[in-house]
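Enquirer: The structure follows.
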Amino acid sequence: MDLNDFIGEKSSLDKLFYKIDDLKNEIDQYRPFSKDLLEELKKYYRVGLTYTSNSLEGNSLTMSETKVIIEDGLTVGGKPLKDVYEAIGHSDAYNYIFELINNREIKEDDVKTLHRLFYKHIDINEASKYRNKKVFISGSQYKVANPEDIPEMMTGLLEKMDSTRDKYHPVEFAARLHKEFIFIHPFIDGNGRVARLLMNLALLQDKYTLAIIPPILRHDYIQTLEKAHKNDKDFIAFIAERVIETQKDYLRLFNN
């Protein structure tokens, strides 16, 4: 990449970050949010994030079916039990990130707890435990971490994220956290779900909105994440655009 390309990439990202911060300033005019409003926002996005994040991984539940399961506690006939457990588990893990949003740090125990909450109904023996098997990512030309390297790599990742957090715009930091975590792929399953939860936890800790990736954008999401092995500009921009859409959604809700 030559200097002009680098400057162009930084400029395009800076424009997105400027737009994000401009929208954040509009949202901040409504702060401090009342306790009731916070609870309504949390509830509103629990269904949306659970549905979209699971759907990206092939879960067959619709948005309305996801809502029935996690809000009403009802089961849905004709659906795989694993899909139901994924909805319940993701909802539990989503609730947990709100216990961490005032800390502005992410610990290894937090990562393991998120995975345990998501995966405990699916396989309690693997929940919160780093994998001890090699895995290969379908459609990717890149390898993930060897099992024996995972504990050290996870410790290093979280230490690096903690020490470099203030060097990046919060949205770029959240995208980088997602990217670096998914490249390690520490768990036997559920890595994508946990990566997106960690990304959104980081955003909430810095008073930004969630980044919700609808299933229709699955190809763009996977493609930019794959490219991020060499150049993460497009992936960061993709996440920034998802934050902007949620910010617009917030403002629509407030104005209504």
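All residue names refer to the structure tokens as shown: chains lettered A, B, ... in order, residues numbered from 1 in each chain, ligands numbered from 1 in order.
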What's around Lys207 (chain A) at 9 Å? Count only C-alpha atoms, leave out sequence neighbours fewer than 2 positions away in its own chain, and write the answer as a list of chain:residue names.

Expert: A:Lys24, A:Asp28, A:Ile101, A:Ala202, A:Leu203, A:Leu204, A:Gln205, A:Thr209

Enquirer: Counting only C-alpha atoms, what is within 9 Å of Ala211 (chain A), bar same-chain residues fewer than 4 positions away, as an mmCIF file with C-alpha atoms, in the first residue's frame?

Expert:
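Output contents, as saved in around.cif:
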data_model
loop_
_atom_site.group_PDB
_atom_site.id
_atom_site.type_symbol
_atom_site.label_atom_id
_atom_site.label_comp_id
_atom_site.auth_asym_id
_atom_site.auth_seq_id
_atom_site.Cartn_x
_atom_site.Cartn_y
_atom_site.Cartn_z
ATOM 1 C CA LEU A 49 -29.183 -8.759 18.554
ATOM 2 C CA ARG A 196 -19.996 -9.787 18.566
ATOM 3 C CA MET A 199 -17.524 -5.863 20.390
ATOM 4 C CA ASN A 200 -20.848 -4.539 21.619
ATOM 5 C CA LEU A 203 -19.108 0.001 22.428
ATOM 6 C CA ILE A 239 -18.730 -2.129 11.694
ATOM 7 C CA ALA A 240 -18.813 1.675 11.740
ATOM 8 C CA GLU A 241 -21.689 1.647 9.252
ATOM 9 C CA ARG A 242 -23.600 -0.792 11.457
ATOM 10 C CA VAL A 243 -23.137 1.526 14.447
ATOM 11 C CA ILE A 244 -24.483 4.441 12.388
ATOM 12 C CA GLU A 245 -27.615 2.478 11.519
ATOM 13 C CA THR A 246 -28.277 1.692 15.182
#

Enquirer: For each of A:Glu99, A:Arg116, A:Phe33, A:Arg176, take the minimum atom-to-atom distance to Lys233 (chain A), counting only C-alpha atoms, then give the residue where this is smallest.

Expert: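 Under the stated criterion, the closest residue is A:Arg176.
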
Enquirer: Considering only C-alpha atoms, return as number ranges by chain whatever protein or nucleic-acid residues lie within 12 Å of region 224-227 of chain A, sequence-local ones (same chain, fewer than 3 positions apart) excluded.

Expert: A: 137-144, 175-176, 178-183, 192, 195, 217-221, 230-239

Enquirer: One decimal, Å: what's the distance from CA of Lys35 (chain A) over to CA of Lys248 (chain A), could you say?

Expert: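 Separating CA of Lys35 (chain A) from CA of Lys248 (chain A) is a distance of 21.3 Å.
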
Enquirer: Enter the distance from CA of Leu114 (chain A) to CA of Asn95 (chain A), in Å, rounded to one decimal.

Expert: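 Separating CA of Leu114 (chain A) from CA of Asn95 (chain A) is a distance of 9.7 Å.
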